[in-house]
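This is upload-v2.pdb (PDB, C-alpha atoms, pLDDT in the B column).
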MODEL        1
ATOM      1  CA  MET X  17       6.445  27.736 -12.767  1.00 47.00           C
ATOM      2  CA  SER X  18       8.644  25.141 -11.106  1.00 51.00           C
ATOM      3  CA  SER X  19       9.044  21.910 -13.009  1.00 54.00           C
ATOM      4  CA  SER X  20       7.556  19.861 -10.150  1.00 61.00           C
ATOM      5  CA  SER X  21       4.440  22.011 -10.086  1.00 65.00           C
ATOM      6  CA  HIS X  22       4.187  21.999 -13.866  1.00 76.00           C
ATOM      7  CA  ARG X  23       4.244  18.194 -13.865  1.00 92.00           C
ATOM      8  CA  LYS X  24       1.029  18.158 -11.823  1.00 98.00           C
ATOM      9  CA  ILE X  25      -0.924  19.468 -14.843  1.00 98.00           C
ATOM     10  CA  ILE X  26      -1.649  16.448 -17.008  1.00 98.00           C
ATOM     11  CA  LEU X  27      -3.962  15.254 -19.763  1.00 98.00           C
ATOM     12  CA  LEU X  28      -6.972  13.098 -18.943  1.00 98.00           C
ATOM     13  CA  ASP X  29      -5.432   9.971 -20.524  1.00 98.00           C
ATOM     14  CA  GLU X  30      -2.438  10.198 -18.207  1.00 98.00           C
ATOM     15  CA  ALA X  31      -4.673  10.945 -15.225  1.00 98.00           C
ATOM     16  CA  LYS X  32      -6.714   7.836 -16.001  1.00 98.00           C
ATOM     17  CA  LEU X  33      -3.595   5.646 -15.892  1.00 98.00           C
ATOM     18  CA  ILE X  34      -2.441   7.218 -12.630  1.00 98.00           C
ATOM     19  CA  ALA X  35      -5.867   6.737 -11.033  1.00 98.00           C
ATOM     20  CA  GLU X  36      -6.024   3.109 -12.197  1.00 98.00           C
ATOM     21  CA  GLY X  37      -2.593   2.453 -10.688  1.00 98.00           C
ATOM     22  CA  ALA X  38      -3.552   4.131  -7.437  1.00 98.00           C
ATOM     23  CA  ARG X  39      -6.757   2.105  -7.116  1.00 98.00           C
ATOM     24  CA  ALA X  40      -4.849  -1.114  -7.912  1.00 98.00           C
ATOM     25  CA  ALA X  41      -2.396  -0.242  -5.126  1.00 98.00           C
ATOM     26  CA  GLY X  42      -5.276   0.213  -2.680  1.00 98.00           C
ATOM     27  CA  ARG X  43      -5.042   4.015  -2.584  1.00 98.00           C
ATOM     28  CA  ARG X  44      -8.207   6.081  -2.195  1.00 98.00           C
ATOM     29  CA  VAL X  45      -8.736   8.435  -5.169  1.00 98.00           C
ATOM     30  CA  VAL X  46     -10.597  11.739  -4.773  1.00 98.00           C
ATOM     31  CA  VAL X  47     -11.721  14.160  -7.488  1.00 98.00           C
ATOM     32  CA  ALA X  48     -12.646  17.779  -6.792  1.00 98.00           C
ATOM     33  CA  ASN X  49     -13.656  20.172  -9.536  1.00 98.00           C
ATOM     34  CA  GLY X  50     -14.380  23.784 -10.298  1.00 96.00           C
ATOM     35  CA  ALA X  51     -13.376  26.891 -12.197  1.00 96.00           C
ATOM     36  CA  PHE X  52     -11.097  28.249  -9.440  1.00 96.00           C
ATOM     37  CA  ASP X  53     -11.242  31.718 -10.982  1.00 92.00           C
ATOM     38  CA  LEU X  54      -9.632  34.219  -8.571  1.00 89.00           C
ATOM     39  CA  LEU X  55      -8.353  31.633  -6.121  1.00 91.00           C
ATOM     40  CA  HIS X  56      -9.533  32.401  -2.572  1.00 90.00           C
ATOM     41  CA  VAL X  57      -9.532  30.874   0.904  1.00 92.00           C
ATOM     42  CA  GLY X  58     -12.807  29.013   0.274  1.00 91.00           C
ATOM     43  CA  HIS X  59     -11.152  27.162  -2.615  1.00 94.00           C
ATOM     44  CA  VAL X  60      -8.149  26.242  -0.476  1.00 96.00           C
ATOM     45  CA  ARG X  61     -10.298  24.977   2.399  1.00 95.00           C
ATOM     46  CA  TYR X  62     -12.416  22.923  -0.017  1.00 97.00           C
ATOM     47  CA  LEU X  63      -9.367  21.331  -1.650  1.00 98.00           C
ATOM     48  CA  ALA X  64      -7.653  20.619   1.672  1.00 98.00           C
ATOM     49  CA  ALA X  65     -10.804  18.899   2.958  1.00 98.00           C
ATOM     50  CA  ALA X  66     -11.137  16.936  -0.289  1.00 98.00           C
ATOM     51  CA  ARG X  67      -7.527  15.745  -0.043  1.00 98.00           C
ATOM     52  CA  ALA X  68      -8.106  14.638   3.555  1.00 98.00           C
ATOM     53  CA  ALA X  69     -10.796  12.245   2.254  1.00 98.00           C
ATOM     54  CA  GLY X  70      -8.294  10.107   0.393  1.00 98.00           C
ATOM     55  CA  ASP X  71      -4.741   9.326  -0.631  1.00 98.00           C
ATOM     56  CA  MET X  72      -4.637  11.183  -3.947  1.00 98.00           C
ATOM     57  CA  LEU X  73      -6.453  14.329  -5.098  1.00 98.00           C
ATOM     58  CA  PHE X  74      -7.166  15.083  -8.731  1.00 98.00           C
ATOM     59  CA  VAL X  75      -8.519  18.573  -9.380  1.00 98.00           C
ATOM     60  CA  ALA X  76     -10.564  18.902 -12.555  1.00 98.00           C
ATOM     61  CA  VAL X  77     -10.474  22.541 -13.673  1.00 98.00           C
ATOM     62  CA  ASN X  78     -13.023  24.001 -16.066  1.00 97.00           C
ATOM     63  CA  SER X  79     -11.203  25.325 -19.135  1.00 98.00           C
ATOM     64  CA  ASP X  80     -11.738  28.877 -20.363  1.00 97.00           C
ATOM     65  CA  VAL X  81     -14.252  27.551 -22.909  1.00 96.00           C
ATOM     66  CA  SER X  82     -16.197  25.755 -20.180  1.00 96.00           C
ATOM     67  CA  VAL X  83     -16.190  28.709 -17.756  1.00 96.00           C
ATOM     68  CA  HIS X  84     -17.273  31.103 -20.495  1.00 94.00           C
ATOM     69  CA  ALA X  85     -20.209  28.826 -21.393  1.00 94.00           C
ATOM     70  CA  ILE X  86     -21.302  28.407 -17.765  1.00 92.00           C
ATOM     71  CA  LYS X  87     -20.597  31.825 -16.219  1.00 89.00           C
ATOM     72  CA  GLY X  88     -20.932  34.182 -19.176  1.00 89.00           C
ATOM     73  CA  PRO X  89     -18.788  36.275 -21.511  1.00 89.00           C
ATOM     74  CA  GLN X  90     -16.887  38.161 -18.795  1.00 88.00           C
ATOM     75  CA  ARG X  91     -15.489  35.009 -17.193  1.00 89.00           C
ATOM     76  CA  PRO X  92     -13.032  33.638 -16.470  1.00 93.00           C
ATOM     77  CA  VAL X  93     -11.045  36.561 -15.128  1.00 92.00           C
ATOM     78  CA  VAL X  94      -7.870  34.450 -14.899  1.00 95.00           C
ATOM     79  CA  PRO X  95      -6.891  32.263 -17.894  1.00 97.00           C
ATOM     80  CA  GLU X  96      -6.950  28.468 -17.492  1.00 97.00           C
ATOM     81  CA  GLY X  97      -3.180  28.030 -17.581  1.00 97.00           C
ATOM     82  CA  GLU X  98      -2.693  30.495 -14.755  1.00 97.00           C
ATOM     83  CA  ARG X  99      -5.550  28.994 -12.714  1.00 97.00           C
ATOM     84  CA  ALA X 100      -4.002  25.535 -13.099  1.00 98.00           C
ATOM     85  CA  GLU X 101      -0.545  26.866 -12.234  1.00 97.00           C
ATOM     86  CA  LEU X 102      -1.808  28.477  -9.022  1.00 97.00           C
ATOM     87  CA  LEU X 103      -3.477  25.215  -7.983  1.00 98.00           C
ATOM     88  CA  SER X 104      -0.333  23.242  -8.816  1.00 97.00           C
ATOM     89  CA  HIS X 105       1.495  25.013  -5.998  1.00 97.00           C
ATOM     90  CA  LEU X 106      -0.960  23.797  -3.345  1.00 97.00           C
ATOM     91  CA  ASP X 107       0.464  20.851  -1.402  1.00 97.00           C
ATOM     92  CA  CYS X 108      -2.949  19.211  -1.101  1.00 98.00           C
ATOM     93  CA  VAL X 109      -3.306  18.960  -4.909  1.00 98.00           C
ATOM     94  CA  ASP X 110      -1.665  15.927  -6.496  1.00 98.00           C
ATOM     95  CA  TRP X 111      -2.845  16.218 -10.110  1.00 98.00           C
ATOM     96  CA  ILE X 112      -4.714  18.740 -12.276  1.00 98.00           C
ATOM     97  CA  VAL X 113      -6.758  18.051 -15.401  1.00 98.00           C
ATOM     98  CA  LEU X 114      -8.427  20.731 -17.529  1.00 98.00           C
ATOM     99  CA  PHE X 115     -11.762  19.938 -19.161  1.00 98.00           C
ATOM    100  CA  ASP X 116     -13.844  21.734 -21.806  1.00 97.00           C
ATOM    101  CA  GLU X 117     -17.245  20.176 -21.159  1.00 95.00           C
ATOM    102  CA  PRO X 118     -19.936  21.963 -19.133  1.00 92.00           C
ATOM    103  CA  THR X 119     -19.898  19.168 -16.523  1.00 95.00           C
ATOM    104  CA  VAL X 120     -17.176  17.003 -15.010  1.00 98.00           C
ATOM    105  CA  VAL X 121     -18.936  13.732 -15.959  1.00 98.00           C
ATOM    106  CA  ASP X 122     -16.345  12.646 -18.554  1.00 98.00           C
ATOM    107  CA  VAL X 123     -13.495  13.209 -16.091  1.00 98.00           C
ATOM    108  CA  LEU X 124     -15.306  11.271 -13.369  1.00 98.00           C
ATOM    109  CA  ARG X 125     -16.014   8.350 -15.698  1.00 98.00           C
ATOM    110  CA  ALA X 126     -12.367   8.251 -16.757  1.00 98.00           C
ATOM    111  CA  LEU X 127     -10.920   8.455 -13.236  1.00 98.00           C
ATOM    112  CA  ARG X 128     -13.603   6.490 -11.362  1.00 98.00           C
ATOM    113  CA  PRO X 129     -12.764   8.055  -7.996  1.00 98.00           C
ATOM    114  CA  HIS X 130     -13.716   6.601  -4.659  1.00 98.00           C
ATOM    115  CA  VAL X 131     -14.902  10.105  -3.731  1.00 98.00           C
ATOM    116  CA  HIS X 132     -16.211  13.057  -5.724  1.00 98.00           C
ATOM    117  CA  ALA X 133     -15.803  16.063  -3.430  1.00 98.00           C
ATOM    118  CA  LYS X 134     -18.018  19.123  -3.874  1.00 97.00           C
ATOM    119  CA  GLY X 135     -18.196  22.384  -1.964  1.00 93.00           C
ATOM    120  CA  THR X 136     -20.800  23.402   0.565  1.00 92.00           C
ATOM    121  CA  ASP X 137     -22.859  25.256  -2.019  1.00 89.00           C
ATOM    122  CA  TYR X 138     -24.211  21.752  -2.742  1.00 92.00           C
ATOM    123  CA  THR X 139     -25.917  19.084  -0.705  1.00 92.00           C
ATOM    124  CA  THR X 140     -25.190  15.431  -1.372  1.00 91.00           C
ATOM    125  CA  ASP X 141     -28.556  15.150  -3.119  1.00 93.00           C
ATOM    126  CA  SER X 142     -28.068  18.252  -5.283  1.00 94.00           C
ATOM    127  CA  VAL X 143     -24.721  17.262  -6.848  1.00 96.00           C
ATOM    128  CA  PRO X 144     -25.576  16.720 -10.541  1.00 95.00           C
ATOM    129  CA  GLU X 145     -22.924  14.007 -11.000  1.00 96.00           C
ATOM    130  CA  ARG X 146     -23.950  11.984  -7.926  1.00 97.00           C
ATOM    131  CA  ALA X 147     -25.641   9.205  -9.947  1.00 97.00           C
ATOM    132  CA  VAL X 148     -22.623   8.894 -12.244  1.00 98.00           C
ATOM    133  CA  VAL X 149     -20.232   8.404  -9.320  1.00 98.00           C
ATOM    134  CA  ALA X 150     -22.606   5.848  -7.784  1.00 97.00           C
ATOM    135  CA  GLU X 151     -22.338   3.741 -10.985  1.00 97.00           C
ATOM    136  CA  TRP X 152     -19.041   2.236  -9.729  1.00 98.00           C
ATOM    137  CA  GLY X 153     -19.827   2.528  -6.026  1.00 98.00           C
ATOM    138  CA  GLY X 154     -18.141   5.885  -5.485  1.00 98.00           C
ATOM    139  CA  ASP X 155     -19.276   8.361  -2.861  1.00 98.00           C
ATOM    140  CA  THR X 156     -20.214  12.015  -3.168  1.00 98.00           C
ATOM    141  CA  MET X 157     -18.898  14.137  -0.328  1.00 97.00           C
ATOM    142  CA  ILE X 158     -19.630  17.737   0.619  1.00 97.00           C
ATOM    143  CA  CYS X 159     -16.608  19.469   2.142  1.00 96.00           C
ATOM    144  CA  GLY X 160     -14.954  22.762   2.881  1.00 90.00           C
ATOM    145  CA  ASP X 161     -16.142  25.725   4.853  1.00 83.00           C
ATOM    146  CA  PRO X 162     -19.570  27.347   4.542  1.00 76.00           C
ATOM    147  CA  LYS X 163     -20.070  29.072   1.206  1.00 70.00           C
ATOM    148  CA  ASP X 164     -19.083  32.505   2.493  1.00 70.00           C
ATOM    149  CA  HIS X 165     -16.600  33.017  -0.342  1.00 66.00           C
ATOM    150  CA  ALA X 166     -17.250  33.088  -4.096  1.00 69.00           C
ATOM    151  CA  THR X 167     -15.386  34.500  -7.057  1.00 68.00           C
ATOM    152  CA  THR X 168     -18.606  36.084  -8.305  1.00 69.00           C
ATOM    153  CA  ASP X 169     -18.925  37.920  -4.979  1.00 73.00           C
ATOM    154  CA  LEU X 170     -15.276  39.000  -5.101  1.00 72.00           C
ATOM    155  CA  VAL X 171     -15.721  40.419  -8.607  1.00 71.00           C
ATOM    156  CA  ALA X 172     -18.869  42.274  -7.499  1.00 73.00           C
ATOM    157  CA  GLU X 173     -17.086  43.703  -4.455  1.00 74.00           C
ATOM    158  CA  ILE X 174     -14.127  44.878  -6.554  1.00 78.00           C
ATOM    159  CA  LEU X 175     -16.463  46.557  -9.040  1.00 74.00           C
ATOM    160  CA  LYS X 176     -18.449  48.196  -6.232  1.00 82.00           C
ATOM    161  CA  ARG X 177     -15.329  49.581  -4.556  1.00 82.00           C
ATOM    162  CA  PHE X 178     -13.763  50.958  -7.723  1.00 83.00           C
ATOM    163  CA  ARG X 179     -16.758  52.491  -9.473  1.00 83.00           C
TER     164      ARG X 179
ENDMDL
END
Is it possible to express this structure as structure tokens?
Amino acid sequence: MSSSSHRKIILLDEAKLIAEGARAAGRRVVVANGAFDLLHVGHVRYLAAARAAGDMLFVAVNSDVSVHAIKGPQRPVVPEGERAELLSHLDCVDWIVLFDEPTVVDVLRALRPHVHAKGTDYTTDSVPERAVVAEWGGDTMICGDPKDHATTDLVAEILKRFR
């Protein structure tokens, strides 16, 4: 991993300071989140659209512990360090934070983004963290292409083809 990409992966405490500085400088902070297991074009389109909504994009990545709890014992396919490293090489991603919790609420409360970006598998009303983001006047935004891509579907297709 290049040192510049590696520096994008930071702890939440550091991310909080960066977000505070950005907001103080009048920059628009965006947070996107997900597992990003088996990175695919849907992920890239989602993150590019999220970045376009502001001046700085933080990507909160579910840790292996979090993905395992949410998606079951066979997931993630790709370990958290490798998932974060892949994301670190995307130009649209400014910072990456791993989190162990089942939801991104703690990250959102720490970073207090102007925008919480979610993919098109949600509606604005169905985003579980919407009320949390509204606490400080933040917006919830749905972005990316239609949900025609999913890691779960990719895994199923691979298994189907190689059985």
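Distances here use only C-alpha atoms; by that measure, the residue among X:Val83, X:Leu102, X:Ala51, X:Val121 closest to Val149 in chain X is X:Val121.
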Given the PyMOL selection byres ((chain X and resi 117) around 10), the residues it picks as a list in words |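 Selected by the PyMOL selection byres ((chain X and resi 117) around 10) in this file: Asn78, Ser79, Val81, Ser82, Val83, Ala85, Ile86, Leu114, Phe115, Asp116, Pro118, Thr119, Val120, Val121, Asp122 and Val123 of chain X.
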For Val109 in chain X, please output as an MDAnalysis selection string all residues within 8 Å (counting all atoms listed in the file; exclusion window: fewer than 5 positions along the same chain).
-> chainID X and resid 63 67 72:75 103:104
Take the residues from that selection and write them out as a PDB file, in the frame of the given file, keeping C-alpha atoms.
ATOM      1  CA  LEU X  63      -9.367  21.331  -1.650  1.00 98.00           C
ATOM      2  CA  ARG X  67      -7.527  15.745  -0.043  1.00 98.00           C
ATOM      3  CA  MET X  72      -4.637  11.183  -3.947  1.00 98.00           C
ATOM      4  CA  LEU X  73      -6.453  14.329  -5.098  1.00 98.00           C
ATOM      5  CA  PHE X  74      -7.166  15.083  -8.731  1.00 98.00           C
ATOM      6  CA  VAL X  75      -8.519  18.573  -9.380  1.00 98.00           C
ATOM      7  CA  LEU X 103      -3.477  25.215  -7.983  1.00 98.00           C
ATOM      8  CA  SER X 104      -0.333  23.242  -8.816  1.00 97.00           C
TER       9      SER X 104
END
Need the neighbours of (2.8, 21.3, -6.2): which residues are at most 6 Å away, counting all atoms listed in the file, as a PyMOL selection string?
-> chain X and resi 21+104-107
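Distance check against Gly160 in chain X using all atoms listed in the file: of X:Arg128, X:Arg61, X:Arg91, X:Lys24, the minimum falls on X:Arg61.
The residues returned by the PyMOL selection byres ((chain X and resi 170) around 12) on the shown structure are Asp53, Leu54, Leu55, His56, Val57, Gly58, Val93, Asp164, His165, Ala166, Thr167, Thr168, Asp169, Val171, Ala172, Glu173, Ile174, Leu175, Lys176 and Arg177 of chain X.
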Spatial neighbours of range 143-145 of chain X, 12 Å, only C-alpha atoms, chain gap at least 6 places, as a list in words |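 Listing them by chain and then by number gives Val47, Ala48, Asn49, Pro118, Thr119, Val120, Val121, Asp122, Val123, Leu124, Arg125, Arg128, Val131, His132, Ala133, Lys134, Gly135, Thr136, Asp137, Glu151, Gly154, Asp155, Thr156, Met157 and Ile158 of chain X.
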Written as an mmCIF file with C-alpha atoms, in the frame of the given file, which residues does the PyMOL selection byres ((chain X and resi 37-42) around 10) give for the file shown?
data_model
loop_
_atom_site.group_PDB
_atom_site.id
_atom_site.type_symbol
_atom_site.label_atom_id
_atom_site.label_comp_id
_atom_site.auth_asym_id
_atom_site.auth_seq_id
_atom_site.Cartn_x
_atom_site.Cartn_y
_atom_site.Cartn_z
ATOM 1 C CA ALA X 31 -4.673 10.945 -15.225
ATOM 2 C CA LYS X 32 -6.714 7.836 -16.001
ATOM 3 C CA LEU X 33 -3.595 5.646 -15.892
ATOM 4 C CA ILE X 34 -2.441 7.218 -12.630
ATOM 5 C CA ALA X 35 -5.867 6.737 -11.033
ATOM 6 C CA GLU X 36 -6.024 3.109 -12.197
ATOM 7 C CA ARG X 43 -5.042 4.015 -2.584
ATOM 8 C CA ARG X 44 -8.207 6.081 -2.195
ATOM 9 C CA VAL X 45 -8.736 8.435 -5.169
ATOM 10 C CA ASP X 71 -4.741 9.326 -0.631
ATOM 11 C CA MET X 72 -4.637 11.183 -3.947
ATOM 12 C CA LEU X 127 -10.920 8.455 -13.236
ATOM 13 C CA ARG X 128 -13.603 6.490 -11.362
ATOM 14 C CA PRO X 129 -12.764 8.055 -7.996
ATOM 15 C CA HIS X 130 -13.716 6.601 -4.659
#
If you measure from CA of Asp29 in chain X to CA of Pro95 in chain X, what distance in Å do you get, rounded to one decimal?
->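 CA of Pro95 in chain X lies 22.5 Å from CA of Asp29 in chain X.
The coordinates place CA of His59 in chain X at 18.3 Å from CA of Thr140 in chain X.
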Kindly give the distance, in Å, that separates CA of Lys87 in chain X and CA of Ala150 in chain X, rounded to a single decimal.
-> 27.4 Å
Might I get the box with edges along x, y and z of the file that holds all atoms of range 37-43 of chain X listed there, padded by 6 Å on every side, given as centre and edge lengths in Å to one decimal, as JSON?
{"center_x": -4.6, "center_y": 1.5, "center_z": -6.6, "size_x": 16.4, "size_y": 17.2, "size_z": 20.1}
Which of these residues is nearest to Val148 in chain X, using only C-alpha atoms: X:Glu30, X:Ala126, X:Gln90, X:Val60?
-> X:Ala126
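Nearest to Cys159 in chain X of all the residues X:Tyr138, X:Pro92, X:Val77, X:Leu27 is X:Tyr138, based on only C-alpha atoms.
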Taking the block just given, write range 135-159 of chain X to a file that holds N, CA and C atoms, as an mmCIF file, in the first residue's frame.
data_model
loop_
_atom_site.group_PDB
_atom_site.id
_atom_site.type_symbol
_atom_site.label_atom_id
_atom_site.label_comp_id
_atom_site.auth_asym_id
_atom_site.auth_seq_id
_atom_site.Cartn_x
_atom_site.Cartn_y
_atom_site.Cartn_z
ATOM 1 N N GLY X 135 -26.872 4.391 -0.015
ATOM 2 C CA GLY X 135 -27.123 3.876 -1.350
ATOM 3 C C GLY X 135 -28.599 3.760 -1.664
ATOM 4 N N THR X 136 -28.885 3.434 -2.902
ATOM 5 C CA THR X 136 -30.259 3.416 -3.392
ATOM 6 C C THR X 136 -31.070 2.207 -2.931
ATOM 7 N N ASP X 137 -30.470 1.365 -2.099
ATOM 8 C CA ASP X 137 -31.274 0.306 -1.481
ATOM 9 C C ASP X 137 -32.078 0.867 -0.316
ATOM 10 N N TYR X 138 -31.900 2.155 -0.030
ATOM 11 C CA TYR X 138 -32.663 2.871 0.993
ATOM 12 C C TYR X 138 -33.504 3.949 0.339
ATOM 13 N N THR X 139 -34.478 4.443 1.097
ATOM 14 C CA THR X 139 -35.135 5.703 0.785
ATOM 15 C C THR X 139 -34.750 6.642 1.917
ATOM 16 N N THR X 140 -34.929 7.922 1.731
ATOM 17 C CA THR X 140 -34.578 8.861 2.795
ATOM 18 C C THR X 140 -35.271 8.484 4.097
ATOM 19 N N ASP X 141 -36.520 8.068 4.011
ATOM 20 C CA ASP X 141 -37.280 7.717 5.214
ATOM 21 C C ASP X 141 -36.864 6.390 5.838
ATOM 22 N N SER X 142 -36.239 5.501 5.073
ATOM 23 C CA SER X 142 -35.887 4.190 5.624
ATOM 24 C C SER X 142 -34.475 4.116 6.198
ATOM 25 N N VAL X 143 -33.687 5.170 6.091
ATOM 26 C CA VAL X 143 -32.331 5.161 6.644
ATOM 27 C C VAL X 143 -32.434 5.169 8.167
ATOM 28 N N PRO X 144 -31.927 4.121 8.827
ATOM 29 C CA PRO X 144 -32.089 4.009 10.287
ATOM 30 C C PRO X 144 -31.460 5.165 11.068
ATOM 31 N N GLU X 145 -30.396 5.748 10.539
ATOM 32 C CA GLU X 145 -29.680 6.812 11.261
ATOM 33 C C GLU X 145 -30.190 8.216 10.938
ATOM 34 N N ARG X 146 -31.256 8.313 10.166
ATOM 35 C CA ARG X 146 -31.757 9.619 9.711
ATOM 36 C C ARG X 146 -32.030 10.582 10.867
ATOM 37 N N ALA X 147 -32.679 10.094 11.925
ATOM 38 C CA ALA X 147 -33.014 10.952 13.074
ATOM 39 C C ALA X 147 -31.754 11.418 13.802
ATOM 40 N N VAL X 148 -30.750 10.581 13.855
ATOM 41 C CA VAL X 148 -29.490 10.958 14.509
ATOM 42 C C VAL X 148 -28.842 12.112 13.757
ATOM 43 N N VAL X 149 -28.759 12.008 12.453
ATOM 44 C CA VAL X 149 -28.135 13.052 11.630
ATOM 45 C C VAL X 149 -28.933 14.354 11.718
ATOM 46 N N ALA X 150 -30.232 14.251 11.843
ATOM 47 C CA ALA X 150 -31.083 15.446 11.962
ATOM 48 C C ALA X 150 -30.860 16.176 13.283
ATOM 49 N N GLU X 151 -30.306 15.500 14.290
ATOM 50 C CA GLU X 151 -30.065 16.124 15.603
ATOM 51 C C GLU X 151 -29.236 17.401 15.486
ATOM 52 N N TRP X 152 -28.275 17.464 14.576
ATOM 53 C CA TRP X 152 -27.445 18.658 14.408
ATOM 54 C C TRP X 152 -27.733 19.370 13.097
ATOM 55 N N GLY X 153 -28.863 19.020 12.477
ATOM 56 C CA GLY X 153 -29.271 19.693 11.244
ATOM 57 C C GLY X 153 -28.671 19.108 9.986
ATOM 58 N N GLY X 154 -28.088 17.907 10.091
ATOM 59 C CA GLY X 154 -27.525 17.257 8.916
ATOM 60 C C GLY X 154 -28.610 16.677 8.020
ATOM 61 N N ASP X 155 -28.239 16.398 6.792
ATOM 62 C CA ASP X 155 -29.161 15.840 5.815
ATOM 63 C C ASP X 155 -28.812 14.387 5.522
ATOM 64 N N THR X 156 -29.820 13.616 5.186
ATOM 65 C CA THR X 156 -29.627 12.253 4.700
ATOM 66 C C THR X 156 -29.885 12.276 3.205
ATOM 67 N N MET X 157 -28.954 11.707 2.451
ATOM 68 C CA MET X 157 -29.031 11.751 0.999
ATOM 69 C C MET X 157 -28.933 10.332 0.444
ATOM 70 N N ILE X 158 -29.749 10.024 -0.526
ATOM 71 C CA ILE X 158 -29.681 8.751 -1.230
ATOM 72 C C ILE X 158 -28.939 8.996 -2.538
ATOM 73 N N CYS X 159 -27.895 8.185 -2.802
ATOM 74 C CA CYS X 159 -27.107 8.437 -4.010
ATOM 75 C C CYS X 159 -26.526 7.151 -4.575
#
